[in-house]
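So the structure is just underneath, and the comments pick up after that.
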Amino acid sequence: MIKKIIVYFIEFKPIKLILLSIIHKNVQIKSNFVNLKTKIGNDSTIMEGTVIDSITTIGKFCYIGRYCYLTKVKIGNYCSIANNVSIGQGEHDLKRISTNSLFYKNAFEELTKKECIIGNDVWIGVDSIVLRGVKIGNGAVIGANSVVTKDVPPYSIVVGSPAKMIKYRFEQEKIKLIEDSKWWNTPPSEAKNIFQKLEVK
């Protein structure tokens, strides 16, 4: 009974948000559905109603919009995720006799066994779904309302359901220069200087 009371007070919105702000001092969190154990990089923002589990890791300088669902995902630095985006939700095994998770030994582990990785500086548009087992490369753009079912190459733009690549953002030579710079590992002020050098090449 005492344990239930403690959990209730921890999950009570104002208290949960206070705890999150203490744990993540340099992160702006507006949702009380973020797990206290979630790893979030400095200067990131999590908006209202977003649900993030304890296993997800989020890099620095990221923005995650309202009412997103992130499950067991690795997200790089400087990512922009719009509202109502779902990433890494459980995938049922179609080869089994029943798809009902009641018959799984460990439902969560079975449903989320495939890795889900989002690179650096990825932009995911509103209402998009990224399935488990998908890797999205650095600098990629996912168009609004897309369903991403397979890996997305770095700096490509994909749209649709299922999402298909329509083009690359830059020529391959420019992509190599950007990748070699690894600007996403620097603070914004340094990144801007790197951009200036890259833009004249």
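In the structure tokens, the first chain shown is A, the next is B, and so on; residue numbers restart at 1 for each chain, and ligands run from 1 in the order shown.
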
Selection near Ile136 (chain A), 9 Å with only C-alpha atoms, sequence-local residues under 4 positions removed, as an NGL selection string: :A and (116-120 or 122 or 140-141 or 150-154)

Considering only C-alpha atoms, state which residue in the set A:Ile55, A:Ile22, A:Val200, A:Val126 is at the smallest distance from Lys37 (chain A). A:Ile55

So how far away is CA of Thr50 (chain A) from CA of Asn84 (chain A), in Å?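 So the two atoms, CA of Asn84 (chain A) and CA of Thr50 (chain A), lie 8.3 Å apart.
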
Just how far from CA of Lys164 (chain A) is CA of Cys62 (chain A), in Å to one decimal?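 Separation between CA of Cys62 (chain A) and CA of Lys164 (chain A): 24.8 Å.
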
Just the residues within 7 Å of region 112-114 of chain A, please, counting only C-alpha atoms, with nothing from its chain fewer than 6 positions along; format it as a list in words.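 The residues satisfying every condition are Gly90, Glu91, Arg132 and Gly133 of chain A.
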
Those same residues - N, CA and C atoms - I'd like them written as a short mmCIF file (atom, residue, chain, number, x, y, z; two decimals), in the first residue's frame.
data_model
loop_
_atom_site.label_atom_id
_atom_site.label_comp_id
_atom_site.auth_asym_id
_atom_site.auth_seq_id
_atom_site.Cartn_x
_atom_site.Cartn_y
_atom_site.Cartn_z
N GLY A 90 6.43 -1.71 -30.67
CA GLY A 90 6.57 -3.16 -30.76
C GLY A 90 6.13 -3.72 -32.11
N GLU A 91 6.89 -4.69 -32.61
CA GLU A 91 6.58 -5.35 -33.87
C GLU A 91 6.22 -6.81 -33.60
N ARG A 132 10.42 -0.70 -36.01
CA ARG A 132 11.58 -1.30 -35.38
C ARG A 132 12.50 -1.88 -36.44
N GLY A 133 13.78 -1.96 -36.10
CA GLY A 133 14.75 -2.52 -37.02
C GLY A 133 15.24 -1.54 -38.06
#

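Here CA of Glu179 (chain A) is placed at a distance of 15.1 Å from CA of Lys192 (chain A).
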
Could you give me, as a PDB file with C-alpha atoms, in the first residue's frame, each residue of region 11-137 of chain A that DSSP assigns to strand (DSSP E) when run on this structure's backbone?
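selection.pdb written:
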ATOM      1  CA  GLN A  28      13.503  21.372 -21.029  1.00  0.00           C
ATOM      2  CA  ILE A  29      10.894  18.677 -20.351  1.00  0.00           C
ATOM      3  CA  LYS A  39      19.060   9.397 -20.922  1.00  0.00           C
ATOM      4  CA  ILE A  40      18.669  12.852 -22.500  1.00  0.00           C
ATOM      5  CA  THR A  45      13.484  19.890 -25.466  1.00  0.00           C
ATOM      6  CA  ILE A  46      10.659  17.389 -24.920  1.00  0.00           C
ATOM      7  CA  VAL A  51       5.894   9.271 -23.987  1.00  0.00           C
ATOM      8  CA  ILE A  52       9.503   8.048 -23.703  1.00  0.00           C
ATOM      9  CA  THR A  57      18.608   7.561 -25.350  1.00  0.00           C
ATOM     10  CA  ILE A  58      18.406  11.066 -26.812  1.00  0.00           C
ATOM     11  CA  TYR A  63      13.677  18.806 -30.190  1.00  0.00           C
ATOM     12  CA  ILE A  64      10.883  16.287 -29.741  1.00  0.00           C
ATOM     13  CA  TYR A  69       5.899   7.795 -28.671  1.00  0.00           C
ATOM     14  CA  LEU A  70       9.511   6.638 -28.424  1.00  0.00           C
ATOM     15  CA  LYS A  74      18.871   5.575 -29.910  1.00  0.00           C
ATOM     16  CA  ILE A  75      18.687   9.173 -31.168  1.00  0.00           C
ATOM     17  CA  SER A  80      14.147  17.480 -34.914  1.00  0.00           C
ATOM     18  CA  ILE A  81      11.098  15.299 -34.365  1.00  0.00           C
ATOM     19  CA  SER A  86       5.930   7.150 -33.346  1.00  0.00           C
ATOM     20  CA  ILE A  87       9.361   5.496 -33.290  1.00  0.00           C
ATOM     21  CA  ILE A 117      18.651   3.984 -34.502  1.00  0.00           C
ATOM     22  CA  ILE A 118      18.207   7.615 -35.541  1.00  0.00           C
ATOM     23  CA  TRP A 123      14.335  15.677 -39.262  1.00  0.00           C
ATOM     24  CA  ILE A 124      11.199  13.542 -38.915  1.00  0.00           C
ATOM     25  CA  ILE A 129       5.937   6.205 -38.043  1.00  0.00           C
ATOM     26  CA  VAL A 130       9.380   4.592 -37.862  1.00  0.00           C
ATOM     27  CA  LYS A 135      18.289   2.823 -39.055  1.00  0.00           C
ATOM     28  CA  ILE A 136      18.026   6.425 -40.282  1.00  0.00           C
TER      29      ILE A 136
END

6 Å contact set for region 145-149 of chain A, only C-alpha atoms, chain neighbours under 6 positions out, as a list in words: Asp127, Ser128, Ile129, Val130, Leu131, Val159, Gly160, Ser161, Pro162 and Ala163 of chain A

Writing out the chosen residues with C-alpha atoms as a compact mmCIF listing (two decimals), in the first residue's frame:
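Dumped to result-v3.txt:
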# COMPACT_ATOMS: atom_id res chain seq x y z
CA ASP A 127 2.54 12.04 -37.99
CA SER A 128 5.36 9.78 -39.20
CA ILE A 129 5.94 6.20 -38.04
CA VAL A 130 9.38 4.59 -37.86
CA LEU A 131 9.24 0.82 -37.46
CA VAL A 159 8.28 10.25 -48.19
CA GLY A 160 5.16 8.13 -48.33
CA SER A 161 3.73 4.89 -46.97
CA PRO A 162 5.86 2.88 -47.23
CA ALA A 163 8.49 5.63 -47.37
